[in-house]
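The next block is run.cif, given as mmCIF, C-alpha atoms.
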```cif
data_target
loop_
_atom_site.label_atom_id
_atom_site.label_comp_id
_atom_site.auth_asym_id
_atom_site.auth_seq_id
_atom_site.Cartn_x
_atom_site.Cartn_y
_atom_site.Cartn_z
CA MET A 1 0.00 0.00 0.00
CA LEU A 2 1.18 3.52 -0.83
CA VAL A 3 0.62 6.26 1.76
CA ALA A 4 1.94 9.77 1.14
CA GLY A 5 1.18 12.73 3.37
CA PHE A 6 2.10 16.28 4.28
CA PRO A 7 1.09 18.92 6.86
CA ALA A 8 -1.28 21.35 5.16
CA GLY A 9 -1.38 25.08 5.75
CA SER A 10 -0.74 27.11 8.87
CA PHE A 11 -2.56 24.54 11.02
CA ALA A 12 -0.23 21.71 9.90
CA ALA A 13 -3.10 19.24 9.65
CA ASN A 14 -1.88 16.05 8.03
CA CYS A 15 -3.37 15.35 4.61
CA TYR A 16 -2.91 11.81 3.31
CA VAL A 17 -3.15 10.21 -0.12
CA VAL A 18 -3.66 6.42 0.00
CA ALA A 19 -3.51 3.92 -2.85
CA PRO A 20 -2.80 0.21 -3.35
CA ALA A 21 0.32 1.16 -5.35
CA ALA A 22 1.73 3.78 -7.69
CA GLY A 23 -0.17 4.24 -10.95
CA GLU A 24 -3.52 3.27 -9.46
CA GLU A 25 -6.63 4.91 -8.00
CA CYS A 26 -6.41 6.58 -4.59
CA VAL A 27 -8.36 8.28 -1.81
CA ILE A 28 -7.50 11.60 -0.17
CA ILE A 29 -7.92 12.02 3.59
CA ASP A 30 -8.43 15.44 5.23
CA PRO A 31 -7.51 18.09 2.64
CA GLY A 32 -6.85 21.05 4.93
CA GLN A 33 -5.84 24.63 4.31
CA ASP A 34 -4.10 25.20 0.94
CA ALA A 35 -3.82 21.45 0.40
CA GLU A 36 -4.44 21.46 -3.35
CA ALA A 37 -0.81 22.00 -4.42
CA GLY A 38 0.54 19.26 -2.15
CA ILE A 39 -2.13 16.84 -3.32
CA ASP A 40 -1.44 17.60 -6.98
CA GLU A 41 2.27 17.01 -6.46
CA ILE A 42 1.67 13.59 -4.91
CA LEU A 43 -0.79 12.62 -7.65
CA ARG A 44 1.72 13.53 -10.35
CA GLU A 45 4.68 11.88 -8.65
CA HIS A 46 2.88 8.56 -8.13
CA ARG A 47 0.57 8.73 -11.18
CA LEU A 48 -2.55 8.42 -9.05
CA LYS A 49 -6.22 8.99 -9.85
CA PRO A 50 -8.38 10.06 -6.87
CA VAL A 51 -11.85 8.56 -6.49
CA ALA A 52 -12.96 10.02 -3.14
CA VAL A 53 -12.12 12.37 -0.29
CA LEU A 54 -12.52 11.01 3.25
CA LEU A 55 -12.90 13.31 6.27
CA THR A 56 -12.03 12.23 9.81
CA HIS A 57 -14.08 15.14 11.20
CA GLY A 58 -15.43 18.53 10.27
CA HIS A 59 -13.01 21.02 11.83
CA ILE A 60 -11.84 23.71 9.45
CA ASP A 61 -8.16 22.69 9.62
CA HIS A 62 -9.09 19.31 8.10
CA VAL A 63 -11.81 20.27 5.60
CA TRP A 64 -10.70 23.70 4.33
CA SER A 65 -9.99 22.50 0.77
CA VAL A 66 -12.55 19.71 0.45
CA ALA A 67 -14.86 21.53 -1.99
CA PRO A 68 -12.15 22.64 -4.45
CA VAL A 69 -10.37 19.28 -4.30
CA CYS A 70 -13.59 17.36 -4.95
CA GLY A 71 -14.69 19.83 -7.61
CA ALA A 72 -11.42 19.71 -9.54
CA ARG A 73 -11.44 15.91 -9.67
CA ASP A 74 -15.23 15.33 -9.73
CA VAL A 75 -15.13 12.97 -6.74
CA PRO A 76 -17.42 12.60 -3.68
CA ALA A 77 -16.63 13.58 -0.11
CA PHE A 78 -17.40 11.20 2.77
CA VAL A 79 -18.20 12.64 6.23
CA HIS A 80 -20.09 11.49 9.30
CA PRO A 81 -23.59 13.03 9.43
CA ASP A 82 -22.95 14.55 12.87
CA ASP A 83 -20.21 16.75 11.38
CA ARG A 84 -21.71 17.44 7.97
CA ASP A 85 -23.00 20.89 8.92
CA LEU A 86 -19.42 21.97 9.67
CA LEU A 87 -18.64 21.79 5.96
CA THR A 88 -20.70 24.94 5.39
CA ASP A 89 -20.68 26.43 8.91
CA PRO A 90 -17.21 25.71 10.35
CA GLY A 91 -17.68 28.24 13.11
CA LYS A 92 -20.12 25.90 14.87
CA GLY A 93 -17.16 23.73 15.85
CA LEU A 94 -14.96 26.53 17.19
CA SER A 95 -14.87 28.89 20.13
CA LEU A 96 -15.92 32.50 19.56
CA ALA A 97 -12.31 33.72 19.86
CA THR A 98 -11.09 31.14 17.35
CA ARG A 99 -13.87 32.00 14.90
CA GLN A 100 -12.95 35.67 15.07
CA GLN A 101 -9.22 34.96 14.68
CA PHE A 102 -9.27 32.46 11.83
CA LEU A 103 -12.54 32.61 9.92
CA GLY A 104 -13.21 36.29 9.33
CA GLY A 105 -15.30 36.55 6.18
CA LEU A 106 -14.46 33.02 5.02
CA THR A 107 -17.35 31.14 3.45
CA LEU A 108 -17.28 27.45 2.59
CA THR A 109 -19.55 25.29 0.45
CA GLU A 110 -20.25 21.58 0.35
CA PRO A 111 -18.87 19.53 -2.51
CA ASP A 112 -21.51 18.63 -5.08
CA ASP A 113 -21.51 14.99 -3.94
CA VAL A 114 -21.45 14.37 -0.17
CA ARG A 115 -21.95 10.87 1.21
CA GLU A 116 -22.48 10.11 4.88
CA LEU A 117 -20.41 7.61 6.85
CA ALA A 118 -21.84 5.00 9.21
CA ASP A 119 -20.13 3.33 12.14
CA GLY A 120 -18.69 -0.04 11.18
CA ALA A 121 -19.15 0.52 7.45
CA THR A 122 -16.58 -0.91 5.05
CA LEU A 123 -15.78 1.28 2.07
CA GLU A 124 -14.52 -0.41 -1.08
CA LEU A 125 -12.67 2.44 -2.78
CA ALA A 126 -9.66 2.56 -5.10
CA GLY A 127 -8.98 -1.13 -4.57
CA LEU A 128 -8.78 -0.55 -0.80
CA GLU A 129 -10.91 -1.95 2.01
CA ILE A 130 -11.43 0.85 4.54
CA THR A 131 -13.33 0.35 7.79
CA VAL A 132 -15.06 3.32 9.41
CA ASP A 133 -15.24 3.57 13.20
CA HIS A 134 -17.33 6.36 14.73
CA ALA A 135 -15.11 7.86 17.45
CA PRO A 136 -16.84 10.91 18.99
CA GLY A 137 -15.24 13.05 21.64
CA HIS A 138 -13.16 15.56 19.72
CA THR A 139 -16.25 16.30 17.65
CA GLY A 140 -19.59 14.52 17.56
CA GLY A 141 -18.89 13.15 14.09
CA SER A 142 -15.24 12.17 14.44
CA VAL A 143 -14.32 8.87 12.78
CA THR A 144 -11.21 6.82 12.17
CA PHE A 145 -10.35 4.94 8.99
CA ARG A 146 -8.42 1.67 9.07
CA THR A 147 -7.13 -0.78 6.53
CA PRO A 148 -6.53 -4.45 7.30
CA ALA A 149 -3.12 -6.00 7.77
CA THR A 150 -1.43 -7.89 4.96
CA GLN A 151 1.69 -10.06 4.87
CA GLU A 152 3.70 -6.95 4.03
CA ILE A 153 2.19 -4.31 6.35
CA PRO A 154 0.31 -4.15 9.68
CA ASP A 155 -3.10 -2.57 10.21
CA VAL A 156 -3.04 1.14 9.37
CA MET A 157 -5.34 3.54 11.24
CA PHE A 158 -5.95 7.16 10.34
CA THR A 159 -7.02 8.63 13.68
CA GLY A 160 -7.72 12.27 12.84
CA ASP A 161 -7.70 14.25 16.08
CA LEU A 162 -8.60 11.30 18.31
CA LEU A 163 -5.10 9.97 19.06
CA PHE A 164 -1.69 11.59 18.46
CA ALA A 165 1.86 10.54 19.22
CA GLY A 166 2.03 11.36 22.92
CA SER A 167 -1.32 13.12 23.15
CA ILE A 168 -5.07 12.95 22.45
CA GLY A 169 -7.60 15.30 20.90
CA ARG A 170 -8.94 18.31 22.76
CA THR A 171 -12.53 18.20 24.01
CA ASP A 172 -13.12 21.81 25.04
CA LEU A 173 -14.67 23.01 21.75
CA PRO A 174 -18.38 22.80 20.80
CA GLY A 175 -19.32 19.17 20.18
CA GLY A 176 -16.43 17.85 22.26
CA SER A 177 -16.89 15.45 25.16
CA TYR A 178 -14.23 14.17 27.54
CA GLU A 179 -16.27 11.10 28.47
CA GLN A 180 -16.88 10.25 24.83
CA ILE A 181 -13.25 10.58 23.81
CA LEU A 182 -12.23 8.21 26.61
CA ASP A 183 -14.73 5.68 25.36
CA SER A 184 -13.54 6.14 21.78
CA LEU A 185 -9.89 5.72 22.72
CA SER A 186 -10.64 2.50 24.58
CA ARG A 187 -13.12 1.06 22.07
CA VAL A 188 -11.59 2.16 18.78
CA CYS A 189 -7.85 2.53 19.42
CA LEU A 190 -6.79 0.37 22.36
CA SER A 191 -8.72 -2.60 21.00
CA ARG A 192 -6.32 -2.74 18.03
CA PRO A 193 -3.08 -4.80 17.95
CA ASP A 194 0.11 -3.13 19.20
CA GLU A 195 1.66 -3.21 15.73
CA THR A 196 -1.16 -1.11 14.24
CA ALA A 197 0.33 1.95 12.55
CA VAL A 198 -1.30 5.21 13.68
CA LEU A 199 -1.33 8.09 11.19
CA PRO A 200 -2.77 11.03 13.14
CA GLY A 201 -4.28 14.33 12.11
CA HIS A 202 -1.26 16.28 13.41
CA GLY A 203 2.33 15.36 14.13
CA PRO A 204 4.35 12.21 13.43
CA GLN A 205 3.06 8.71 12.97
CA THR A 206 3.20 6.20 15.82
CA THR A 207 1.81 2.78 16.76
CA ILE A 208 -0.91 1.60 19.07
CA GLY A 209 1.69 -0.30 21.11
CA ARG A 210 3.88 2.77 21.58
CA GLU A 211 0.94 4.90 22.68
CA ARG A 212 -0.40 2.16 24.94
CA ALA A 213 2.99 2.02 26.66
CA THR A 214 4.04 5.68 26.77
CA ASN A 215 1.18 8.11 26.09
CA PRO A 216 0.54 9.96 29.38
CA PHE A 217 -3.13 10.41 28.49
CA LEU A 218 -3.56 6.63 28.41
CA ALA A 219 -1.71 5.94 31.66
CA GLN A 220 -4.78 4.78 33.58
CA TRP A 221 -5.27 1.83 31.25
CA ARG A 222 -1.71 0.68 31.96
CA GLN A 223 -2.02 1.03 35.72
CA SER A 224 -5.49 -0.26 36.49
CA PRO A 225 -5.77 -3.93 37.53
CA GLY A 226 -8.54 -6.21 36.36
CA THR A 227 -10.42 -6.42 33.10
CA ASP A 228 -11.51 -3.56 30.89
CA GLU A 229 -14.99 -3.86 32.39
CA ASP A 230 -13.54 -3.26 35.86
CA ARG A 231 -11.96 0.06 34.90
CA ASN A 232 -13.86 3.23 35.61
CA LEU A 233 -13.29 5.49 32.61
CA ALA A 234 -14.77 8.44 34.49
CA ASP A 235 -11.72 8.37 36.80
CA LEU A 236 -9.29 8.76 33.91
CA LYS A 237 -7.73 12.23 34.07
CA PRO A 238 -5.14 13.01 31.41
CA ALA A 239 -1.89 14.60 32.44
CA ASP A 240 -1.21 18.15 31.33
CA GLY A 241 -0.02 18.17 27.77
CA PRO A 242 -0.50 19.63 24.32
CA HIS A 243 -3.79 19.42 22.49
CA LYS A 244 -3.02 19.70 18.78
CA GLY A 245 -5.28 21.22 16.16
CA PHE A 246 -8.79 22.51 16.63
#
```
Would you mind writing the file out in structure tokens?
Amino acid sequence: MLVAGFPAGSFAANCYVVAPAAGEECVIIDPGQDAEAGIDEILREHRLKPVAVLLTHGHIDHVWSVAPVCGARDVPAFVHPDDRDLLTDPGKGLSLATRQQFLGGLTLTEPDDVRELADGATLELAGLEITVDHAPGHTGGSVTFRTPATQEIPDVMFTGDLLFAGSIGRTDLPGGSYEQILDSLSRVCLSRPDETAVLPGHGPQTTIGRERATNPFLAQWRQSPGTDEDRNLADLKPADGPHKGF
């Protein structure tokens, strides 16, 4: 599998292009601010043809360029229904101060073809099998995308702003929920094998095993005795640390 990515715009939100191999069809994940040039460069370099844009959530730093990217290539955008309204009203997902600082007179439109994601759905796109897991907490419509392991590569999970290398997504913006993100981390991320590659929405890639062992926000799962059912997620308090992105 071919995965190429780059941090887009001033928010440095990771945009990924994923394909079975060079010269084939591909999907684009999270085209953020000013992402068009970086996407075009990857498509040319690897001779790729996009068939869809996938969105991990609706925050502006991840969806800024979705309409022009979809329009230029005549491809659909996939988003969870709980975040769909953020495509045209990104301010709903931000604090008042952030809206005033970053949005100004910015107006966004939906792509012509928007398709809604469902929890547990398997997307057959560009020769890839991509499983969708609804993972609310950062936003109500946050999802992850994962591809199955092969003999050559482990599972690959695109976590958006749910899980980062050494951190987790912030929950203090509209639509965020601390309790929900804890549930999502346990159910969606920590249920995966240690070798699962994590490609987050900001920062470097990591693995589930590395985050399980070292991420300070996941420390309670390492320290609590007993089974998962015995652990009280409400008692989990993350250590002070950076929250990346919106």
Per residue of range 13-32 of chain A within 10 Å of range 57-72 of chain A, record the nearest atom pair and its distance in Å to one decimal, counting all atoms listed in the file, with rows in chain order and ascending residue number, as a Markdown table.
```
| residue | atom | partner | partner_atom | distance |
| --- | --- | --- | --- | --- |
| A:Ala13 | CA | A:Asp61 | CA | 6.1 |
| A:Asn14 | CA | A:His62 | CA | 7.9 |
| A:Cys15 | CA | A:His62 | CA | 7.8 |
| A:Ile28 | CA | A:Val69 | CA | 9.2 |
| A:Ile29 | CA | A:His62 | CA | 8.7 |
| A:Asp30 | CA | A:His62 | CA | 4.9 |
| A:Pro31 | CA | A:Ser65 | CA | 5.4 |
| A:Gly32 | CA | A:His62 | CA | 4.3 |
```
Using the chain letters and numbers from this file, what does the PyMOL selection byres ((chain A and resi 144) around 12) select? Give the answer as a short mmCIF file (atom, residue, chain, number, x, y, z; two decimals) with C-alpha atoms, in the coordinates of the input.
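Here's the written file expr33.cif:
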```cif
data_model
loop_
_atom_site.label_atom_id
_atom_site.label_comp_id
_atom_site.auth_asym_id
_atom_site.auth_seq_id
_atom_site.Cartn_x
_atom_site.Cartn_y
_atom_site.Cartn_z
CA ILE A 29 -7.92 12.02 3.59
CA ASP A 30 -8.43 15.44 5.23
CA LEU A 54 -12.52 11.01 3.25
CA LEU A 55 -12.90 13.31 6.27
CA THR A 56 -12.03 12.23 9.81
CA HIS A 57 -14.08 15.14 11.20
CA VAL A 79 -18.20 12.64 6.23
CA HIS A 80 -20.09 11.49 9.30
CA LEU A 117 -20.41 7.61 6.85
CA ALA A 118 -21.84 5.00 9.21
CA ASP A 119 -20.13 3.33 12.14
CA GLY A 120 -18.69 -0.04 11.18
CA ALA A 121 -19.15 0.52 7.45
CA THR A 122 -16.58 -0.91 5.05
CA ILE A 130 -11.43 0.85 4.54
CA THR A 131 -13.33 0.35 7.79
CA VAL A 132 -15.06 3.32 9.41
CA ASP A 133 -15.24 3.57 13.20
CA HIS A 134 -17.33 6.36 14.73
CA ALA A 135 -15.11 7.86 17.45
CA PRO A 136 -16.84 10.91 18.99
CA HIS A 138 -13.16 15.56 19.72
CA GLY A 141 -18.89 13.15 14.09
CA SER A 142 -15.24 12.17 14.44
CA VAL A 143 -14.32 8.87 12.78
CA PHE A 145 -10.35 4.94 8.99
CA ARG A 146 -8.42 1.67 9.07
CA THR A 147 -7.13 -0.78 6.53
CA VAL A 156 -3.04 1.14 9.37
CA MET A 157 -5.34 3.54 11.24
CA PHE A 158 -5.95 7.16 10.34
CA THR A 159 -7.02 8.63 13.68
CA GLY A 160 -7.72 12.27 12.84
CA ASP A 161 -7.70 14.25 16.08
CA LEU A 162 -8.60 11.30 18.31
CA LEU A 163 -5.10 9.97 19.06
CA SER A 184 -13.54 6.14 21.78
CA LEU A 185 -9.89 5.72 22.72
CA ARG A 187 -13.12 1.06 22.07
CA VAL A 188 -11.59 2.16 18.78
CA CYS A 189 -7.85 2.53 19.42
CA VAL A 198 -1.30 5.21 13.68
CA LEU A 199 -1.33 8.09 11.19
CA PRO A 200 -2.77 11.03 13.14
CA GLY A 201 -4.28 14.33 12.11
#
```
Would you mind reading off the distance between CA of Leu108 in chain A and CA of Asp85 in chain A, one decimal, in Å? 10.8 Å
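Between CA of Asp194 in chain A and CA of Trp221 in chain A the interatomic distance comes to 14.1 Å.
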Might you pull out every residue within 6 Å of Thr207 in chain A, with only C-alpha atoms counted and same-chain residues fewer than 2 positions away left off, and present them as a PyMOL selection string? chain A and resi 196-198+209-210
With distances taken over all atoms listed in the file, which of A:Val53, A:Gly91, A:Gly169, A:Asp155 is nearest to Glu195 in chain A?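 Among the listed residues, A:Asp155 lies closest to Glu195 in chain A.
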Just the number, please: distance in Å from CA of Ser186 in chain A to CA of Ala165 in chain A, one decimal.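 So the two atoms, CA of Ser186 in chain A and CA of Ala165 in chain A, lie 15.8 Å apart.
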Find the residues around Gln180 in chain A up to 6 Å (only C-alpha atoms counted), leave out those fewer than 2 positions away in its own chain, and share them as a PyMOL selection string. chain A and resi 136-137+177-178+182-183
Can you list, as a list in words, every protein, DNA or RNA residue that comes within 8 Å of range 40-52 of chain A when you count only C-alpha atoms, leaving out same-chain residues fewer than 3 positions away?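 The filter keeps Ala4, Val17, Ala19, Ala22, Gly23, Glu24, Glu25, Cys26, Val27, Ile28, Glu36, Ala37, Cys70, Arg73, Val75, Pro76, Ala77, Phe78, Leu125 and Ala126 of chain A.
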Residues near Pro20 in chain A, anyone? I mean within 7 Å using all atoms listed in the file, not counting same-chain ones fewer than 6 positions away, as a PyMOL selection string. chain A and resi 1-2+127-128
Neighbours of point (-15.1, 25.1, 23.1) within 8 Å, using all atoms listed in the file, written as a PyMOL selection string: chain A and resi 93-95+171-176
Enumerate, as a count of residues only, the protein, DNA and RNA residues whose atoms approach (-0.4, 6.1, 28.4) to within 12 Å, taking into account all atoms listed in the file and the coordinate frame of the file. 30
Out of A:Gly38, A:Gly203, A:Ala21, A:Arg192, which residue has the shortest atom-to-atom distance to Pro154 in chain A when counting only C-alpha atoms?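 Looking only at the distances to Pro154 in chain A, the closest residue turns out to be A:Arg192.
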Among A:Tyr16, A:Glu110, A:Phe246, A:Glu124, Val3 in chain A is approached most closely, using only C-alpha atoms, by A:Tyr16
